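Inspection log for the structure reproduced underneath, given as structure tokens.
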2 protein chains.
Amino acid sequence: MRATVRDVAARAGVSPKTVSNVLNGTFRVSPATREKVEEALNALDYVPNLSARGLRNGRTGMIAVALPDLRMSYSAEMCHHFVQAAASRGLHVQIEETGGGGDREVDLMSRARAQLIDGLILNPVRLESTAVQRDVALPPVVLIGEVDQPIADHVWIDNVAAICEITQLLLDEGHRRIALVGADNTATAQLRMVGFHQALRTAGIEADPELEIPSPDWHSTDANRWFNTFLDDHQAPDAVVCMTDTLAMGVIRALADHDLSVPEDVSVVGYDNITDSAVMLPRLTTIDFDKQKFTETAIDVLTARIADPDRPIMSVTIPHRIIRRDSTRPR
Amino acid sequence: MRATVRDVAARAGVSPKTVSNVLNGTFRVSPATREKVEEALNALDYVPNLSARGLRNGRTGMIAVALPDLRMSYSAEMCHHFVQAAASRGLHVQIEETGGGGDREVDLMSRARAQLIDGLILNPVRLESTAVQRDVALPPVVLIGEVDQPIADHVWIDNVAAICEITQLLLDEGHRRIALVGADNTATAQLRMVGFHQALRTAGIEADPELEIPSPDWHSTDANRWFNTFLDDHQAPDAVVCMTDTLAMGVIRALADHDLSVPEDVSVVGYDNITDSAVMLPRLTTIDFDKQKFTETAIDVLTARIADPDRPIMSVTIPHRIIRRDSTRPR
DNA sequence: CTGAAAGCGCTTACAG
DNA sequence: CTGAAAGCGCTTACAG
């Protein structure tokens with residue numbers, strides 16, 4: 001059987017309270033007592049029961065991170081940084097996937113309220129997210145990505161500005177007919193479309209719905225399929241703005257299959273600056289942000305919220321920048 | 001305040017036991033009573049406290065999955081399937097990263113024993129993994145990937161055979177000077193090297209250590225750097241066996257930077273069949289396995305182990321197959 | 001500086 | 001079919 005504080009106390013000849021004091025360092029314990037307790041701890045191979053501690057303290061040291069689709073390289077990199085940032089703060093991370101059905105988000109909220117996790121970092125898929133509503137008792141939650149409800153803490157990068165800037169860059173360099181890949185009704189896509197339209201408007205170009213191509217599941221293979229179909233029926237655009245680097249991979253492949261090369265015939269830009277973008281053929285021009293800073297900020301905001309449920313709601317914008325590589329060229 | 005079973009019982013005019021019966025369906029409850037309880041459950045917005053349940057039952061419904069580096073596309077796809085498979089079995093997943101220091105593995109074992117998780121799926125980084133030893137009280141654990149200690153349950157694909165077969169394919173098609181990328185002292189690499197050497201030996205070719213190139217952190221950018229350096233000093237090989245698809249991306253880029261194209265000048269093969277491999281330039285020849293089946297098997301084996309700690313240790317091999325694409329051609 | 005007791009919220013024998 | 005009690009393992013007032 002596993003040893004409990006009681007067993008340790010018995011062996012050390014002290015009370016459970018003293019063991020707890022040694023474990024948590026709450027009060028000063030005399031060196032002699034401490035030594036006895038530590039001997040017992042080791043001898044009995046004591047490991048605290050976190051469920052019991054969680055029940056008592058109302059904290060488990062576990063937070064949840066919910067992303068739309070864990071298969072994406074973007075998700076992979078964010079997961080890495082979340083786990084690292086959490087570990088350095090003594091927290092552990094439970095992961096969840098919210099894609100493919102809004103109910104998952106509601107479930108998650110319940111689980112948070114079920115207190116096996118202390119809080120939740122949620123990347124909602126839809127703007128009209130039913131999960132996050134003012135009237136329901138919210139667990140501590142930080143929304144990441146694109147949300148416009150000022151109902152919970154929020155960490156994001158300014159998508160509208162980012163896409164606007166990168167579209168601007170293409171426009172400045174002579175591209176006129178610019179396609180957008182990833183256009184659908186998800187929160188992320190909606191906001192990025194706003195930025196795209198904004199840049200076009202500033203340049204005096206009318207948005208052409210024909211050039212706004214969806215890619216329902218956001219995978220490279222999916223973008224490839226949809227963009228291939230587009231190219232079968234349409235003249236190639238001057239440039240393609242992809243809502244993620246992963247989409248860009250599929251688009252570049254579709255162009256190659258239509259004997260169009262990047263950037264000679266068509267320029268392509270991405271978003272996220274995943275690691276592989278730096279070695280892709282061609283190296284991808286994209287939007288970068290500090291993922292470590294992003295995740296650390298999200299966790300710190302969540303921790304603050306857990307500590308004080310009544311503090312004012314805050315929104316943090318993480319800076320972004322354009323990384324110029326080889327997938328674009330002036331026309 | 002949150003409602004407890006006690007509150008619900010009070011409102012429904014029954015005992016906590018009856019509420020528990022309704023919640024868990026352990027015993028039959030009369031429809032009238034059930035209805036009263038359900039009304040109270042809803043009215044009070046009851047959510048069970050999982051820490052309390054975990055303390056009582058010794059189960060939390062949470063398992064941990066530990067992978068070497070979560071940034072890899074391989075990890076991303078595995079995480080997705082683990083979360084899906086777990087969800088369909090009513091389990092949740094905590095993720096951990098074991099790379100960059102063996103102590104994390106030991107930590108993980110303790111955490112499992114700390115019972116906030118019911119069990120652990122671990123992809124150990126090193127064969128001489130100190131974490132998994134016979135004398136320490138192991139929590140329920142399933143090892144995935146390359147391990148040769150028959151100390152715990154094990155799910156893997158036969159790496160030796162897989163790399164041997166794909167190297168064979170290259171040899172059969174006339175490649176003689178074959179490089180290997182990812183050669184280091186990790187468990188995965190060691191086993192894959194065995195398969196590589198086996199194929200060479202069968203073909204009567206002597207292994208050339210010069211052609212076995214490490215890529216310490218296994219990222220595409222890292223493989224790119226190391227393979228670039230290799231190409232600076234050496235004649236290009238006929239083919240390159242990459243220990244993962246991600247490494248292959250970096251290798252293909254290095255070849256491109258030396259004006260060598262794939263497969264015209266050099267053939268390249270990968271391992272894992274990540275989604276992006278299907279659209280890469282060129283589309284990558286690689287080793288595929290059923291990731292859903294792999295993860296479901298691992299979780300089922302773990303569940304069985306949790307249910308019966310004394311059952312015999314088992315090892316399951318998931319089949320693999322070569323996916324032929326455009327990154328190789330006969331010479 | 002330390003001990004004995006109570007209680008976090010749940011479920012499971014034990015009675016009825 | 002239901003109730004009252006005990007206990008999972010921990011930590012925190014409350015006394016000394």
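Here, A, B, ... name the chains of the structure tokens in the order displayed, residue numbers run from 1 inside each chain, and ligands are numbered from 1 in the same displayed order.
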Which residues of chain A come within 9 Å of chain D, and for each one, what is the closest pair of atoms and their distance in Å to one decimal, counting only C-alpha atoms (C1' of nucleotides), sorted by chain and residue number, as a tab-separated table?
```
residue	atom	partner	partner_atom	distance
A:Thr4	CA	D:DG9	C1'	6.8
A:Val5	CA	D:DG9	C1'	7.6
A:Arg6	CA	D:DG9	C1'	8.7
A:Lys17	CA	D:DT11	C1'	7.8
A:Ser20	CA	D:DT11	C1'	7.3
A:Pro48	CA	D:DG9	C1'	8.3
A:Asn49	CA	D:DG9	C1'	6.6
A:Leu50	CA	D:DC10	C1'	8.5
A:Ser51	CA	D:DG9	C1'	8.3
A:Ala52	CA	D:DC10	C1'	5.1
A:Arg53	CA	D:DC10	C1'	5.0
A:Gly54	CA	D:DC10	C1'	8.4
A:Leu55	CA	D:DC10	C1'	7.9
A:Arg56	CA	D:DC10	C1'	6.2
A:Asn57	CA	D:DT11	C1'	7.6
```
Take the residues that were just selected and, keeping N, CA and C atoms, output them as a short mmCIF file (atom, residue, chain, number, x, y, z; two decimals), in the first residue's frame.
```
data_model
loop_
_atom_site.label_atom_id
_atom_site.label_comp_id
_atom_site.auth_asym_id
_atom_site.auth_seq_id
_atom_site.Cartn_x
_atom_site.Cartn_y
_atom_site.Cartn_z
N THR A 4 0.73 7.14 3.56
CA THR A 4 0.01 8.40 3.69
C THR A 4 0.73 9.27 4.71
N VAL A 5 0.29 10.51 4.85
CA VAL A 5 0.92 11.38 5.85
C VAL A 5 0.85 10.72 7.22
N ARG A 6 -0.24 10.05 7.47
CA ARG A 6 -0.44 9.37 8.75
C ARG A 6 0.68 8.35 9.00
N LYS A 17 0.18 16.86 11.10
CA LYS A 17 0.36 18.30 10.91
C LYS A 17 1.82 18.64 10.65
N SER A 20 2.90 17.63 7.27
CA SER A 20 2.38 18.61 6.32
C SER A 20 3.23 19.87 6.33
N PRO A 48 2.55 12.39 -2.30
CA PRO A 48 1.26 12.93 -1.87
C PRO A 48 0.15 12.58 -2.85
N ASN A 49 -1.03 12.41 -2.34
CA ASN A 49 -2.18 12.15 -3.18
C ASN A 49 -2.78 13.49 -3.61
N LEU A 50 -2.62 13.77 -4.89
CA LEU A 50 -3.04 15.07 -5.39
C LEU A 50 -4.55 15.26 -5.43
N SER A 51 -5.27 14.18 -5.54
CA SER A 51 -6.73 14.30 -5.49
C SER A 51 -7.15 14.81 -4.12
N ALA A 52 -6.53 14.23 -3.10
CA ALA A 52 -6.87 14.64 -1.74
C ALA A 52 -6.48 16.10 -1.52
N ARG A 53 -5.29 16.43 -1.98
CA ARG A 53 -4.83 17.80 -1.81
C ARG A 53 -5.75 18.75 -2.58
N GLY A 54 -6.15 18.29 -3.79
CA GLY A 54 -7.03 19.11 -4.60
C GLY A 54 -8.38 19.32 -3.93
N LEU A 55 -8.87 18.27 -3.32
CA LEU A 55 -10.16 18.36 -2.63
C LEU A 55 -10.06 19.36 -1.48
N ARG A 56 -8.98 19.25 -0.77
CA ARG A 56 -8.80 20.11 0.39
C ARG A 56 -8.54 21.57 -0.02
N ASN A 57 -7.64 21.75 -0.97
CA ASN A 57 -7.19 23.11 -1.31
C ASN A 57 -8.04 23.79 -2.38
#
```
Within 8 Å of chain A, which residues of chain B show up? Give each one with its shortest atom-to-atom distance in Å (one decimal) and the two atoms involved, counting only C-alpha atoms, rows by chain then rising residue number, as a Markdown table.
```
| residue | atom | partner | partner_atom | distance |
| --- | --- | --- | --- | --- |
| B:Val47 | CA | A:Ala114 | CA | 5.7 |
| B:Pro48 | CA | A:Ala114 | CA | 5.7 |
| B:Asn49 | CA | A:Ala114 | CA | 4.9 |
| B:Leu50 | CA | A:Leu116 | CA | 5.5 |
| B:Ser51 | CA | A:Ser51 | CA | 4.8 |
| B:Ala52 | CA | A:Leu55 | CA | 5.6 |
| B:Gly54 | CA | A:Ser51 | CA | 5.9 |
| B:Leu55 | CA | A:Ser51 | CA | 5.2 |
| B:Asp69 | CA | A:His80 | CA | 7.3 |
| B:Leu70 | CA | A:His80 | CA | 5.0 |
| B:Arg71 | CA | A:Glu77 | CA | 4.6 |
| B:Met72 | CA | A:Ala76 | CA | 6.5 |
| B:Ser73 | CA | A:Ser73 | CA | 5.7 |
| B:Ser75 | CA | A:Ala76 | CA | 7.1 |
| B:Ala76 | CA | A:Arg71 | CA | 4.7 |
| B:Glu77 | CA | A:Arg71 | CA | 4.6 |
| B:Met78 | CA | A:Arg71 | CA | 7.8 |
| B:Cys79 | CA | A:Leu70 | CA | 6.6 |
| B:His80 | CA | A:Leu70 | CA | 5.0 |
| B:Val83 | CA | A:Glu96 | CA | 6.7 |
| B:His92 | CA | A:Gln94 | CA | 7.4 |
| B:Val93 | CA | A:Gln94 | CA | 5.6 |
| B:Gln94 | CA | A:Gln94 | CA | 3.9 |
| B:Ile95 | CA | A:Val93 | CA | 6.0 |
| B:Glu96 | CA | A:Val83 | CA | 6.7 |
| B:Glu97 | CA | A:Val83 | CA | 7.4 |
| B:Ser110 | CA | A:Val47 | CA | 7.0 |
| B:Arg113 | CA | A:Val47 | CA | 6.8 |
| B:Ala114 | CA | A:Asn49 | CA | 4.8 |
| B:Gln115 | CA | A:Asn49 | CA | 5.9 |
| B:Leu116 | CA | A:Leu50 | CA | 5.5 |
| B:His219 | CA | A:Thr275 | CA | 7.9 |
| B:Ser220 | CA | A:Asp276 | CA | 6.1 |
| B:Thr221 | CA | A:Val279 | CA | 6.4 |
| B:Asn224 | CA | A:Val279 | CA | 7.4 |
| B:Thr246 | CA | A:Asp276 | CA | 7.9 |
| B:Met249 | CA | A:Val279 | CA | 6.9 |
| B:Gly250 | CA | A:Val279 | CA | 5.9 |
| B:Arg253 | CA | A:Val279 | CA | 5.7 |
| B:Thr275 | CA | A:Thr221 | CA | 7.1 |
| B:Asp276 | CA | A:Ser220 | CA | 6.1 |
| B:Ala278 | CA | A:Thr221 | CA | 7.0 |
| B:Val279 | CA | A:Arg253 | CA | 5.7 |
| B:Met280 | CA | A:Arg253 | CA | 6.8 |
| B:Leu281 | CA | A:Leu281 | CA | 6.6 |
```
Write a file of the selected residues as a PDB file, in the first residue's frame, keeping C-alpha atoms.
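Below is the file out20.pdb, written as the result:
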```
ATOM      1  CA  VAL B  47     -21.314  19.637 -11.193  1.00  0.00           C
ATOM      2  CA  PRO B  48     -19.540  16.802  -9.405  1.00  0.00           C
ATOM      3  CA  ASN B  49     -16.211  17.548  -7.809  1.00  0.00           C
ATOM      4  CA  LEU B  50     -13.784  15.267  -9.580  1.00  0.00           C
ATOM      5  CA  SER B  51     -11.088  15.630  -6.971  1.00  0.00           C
ATOM      6  CA  ALA B  52     -13.454  14.251  -4.376  1.00  0.00           C
ATOM      7  CA  GLY B  54     -10.926  10.739  -7.484  1.00  0.00           C
ATOM      8  CA  LEU B  55     -10.029  10.587  -3.830  1.00  0.00           C
ATOM      9  CA  ASP B  69       9.119  16.962 -28.372  1.00  0.00           C
ATOM     10  CA  LEU B  70       5.616  18.289 -28.824  1.00  0.00           C
ATOM     11  CA  ARG B  71       6.645  20.664 -31.622  1.00  0.00           C
ATOM     12  CA  MET B  72       7.035  17.863 -34.145  1.00  0.00           C
ATOM     13  CA  SER B  73       4.269  17.226 -36.642  1.00  0.00           C
ATOM     14  CA  SER B  75       3.685  14.594 -31.999  1.00  0.00           C
ATOM     15  CA  ALA B  76       0.839  16.795 -33.164  1.00  0.00           C
ATOM     16  CA  GLU B  77      -0.824  13.971 -35.034  1.00  0.00           C
ATOM     17  CA  MET B  78      -0.306  11.517 -32.216  1.00  0.00           C
ATOM     18  CA  CYS B  79      -1.713  13.993 -29.686  1.00  0.00           C
ATOM     19  CA  HIS B  80      -4.795  14.441 -31.793  1.00  0.00           C
ATOM     20  CA  VAL B  83      -7.150  12.856 -27.311  1.00  0.00           C
ATOM     21  CA  HIS B  92      -8.908  12.977 -20.642  1.00  0.00           C
ATOM     22  CA  VAL B  93      -5.284  13.533 -21.547  1.00  0.00           C
ATOM     23  CA  GLN B  94      -2.553  15.402 -19.799  1.00  0.00           C
ATOM     24  CA  ILE B  95       0.499  16.040 -21.986  1.00  0.00           C
ATOM     25  CA  GLU B  96       4.101  16.141 -21.020  1.00  0.00           C
ATOM     26  CA  GLU B  97       7.369  16.570 -22.849  1.00  0.00           C
ATOM     27  CA  SER B 110       5.885  10.188  -9.501  1.00  0.00           C
ATOM     28  CA  ARG B 113       1.815   7.660  -8.482  1.00  0.00           C
ATOM     29  CA  ALA B 114       0.478  10.884  -7.032  1.00  0.00           C
ATOM     30  CA  GLN B 115      -2.781   9.726  -8.560  1.00  0.00           C
ATOM     31  CA  LEU B 116      -3.941  12.784 -10.289  1.00  0.00           C
ATOM     32  CA  HIS B 219      13.725  19.675 -36.309  1.00  0.00           C
ATOM     33  CA  SER B 220      13.603  20.390 -40.037  1.00  0.00           C
ATOM     34  CA  THR B 221      15.719  23.495 -39.550  1.00  0.00           C
ATOM     35  CA  ASN B 224      18.820  21.428 -42.852  1.00  0.00           C
ATOM     36  CA  THR B 246      10.243  16.442 -40.611  1.00  0.00           C
ATOM     37  CA  MET B 249      11.935  18.598 -45.176  1.00  0.00           C
ATOM     38  CA  GLY B 250      15.212  20.040 -43.958  1.00  0.00           C
ATOM     39  CA  ARG B 253      15.912  22.169 -48.603  1.00  0.00           C
ATOM     40  CA  THR B 275      -0.166  14.830 -43.361  1.00  0.00           C
ATOM     41  CA  ASP B 276       2.061  17.424 -45.010  1.00  0.00           C
ATOM     42  CA  ALA B 278       1.407  14.241 -49.210  1.00  0.00           C
ATOM     43  CA  VAL B 279       1.768  17.789 -50.542  1.00  0.00           C
ATOM     44  CA  MET B 280       5.454  18.483 -49.973  1.00  0.00           C
ATOM     45  CA  LEU B 281       7.643  19.398 -52.913  1.00  0.00           C
TER      46      LEU B 281
END
```
Fewer than 3 positions away in the same chain doesn't count, so skip those; otherwise give me all residues within 12 Å of A:Thr202, counting only C-alpha atoms (C1' of nucleotides), as a PyMOL selection string. chain A and resi 164-165+167-168+171-172+195-199+205-207
Would you pick out the contacts of stretch 149-162 of chain A at 7 Å or less, using only C-alpha atoms (C1' of nucleotides), so that residues sharing its chain but fewer than 6 positions from it are not included, and give the list as a list in words?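 Residues near the query, excluding close chain neighbours: Arg134, Val141, Val142, Leu143, Leu191, Arg192, Val194, Gly195, Ala298, Ile313, Met314, Ser315, Val316, Thr317, Ile318, Pro319 and His320 of chain A.
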If I take atom CA of A:Asp326 and atom CA of A:Val262, how far is one from the other in Å, to one decimal?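 Between atom CA of A:Asp326 and atom CA of A:Val262 the gap is 8.3 Å.
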Run DSSP on the backbone and give me the residues of stretch 284-320 of chain A it puts in alpha helix (DSSP H), as an MDAnalysis selection string. chainID A and resid 291:307
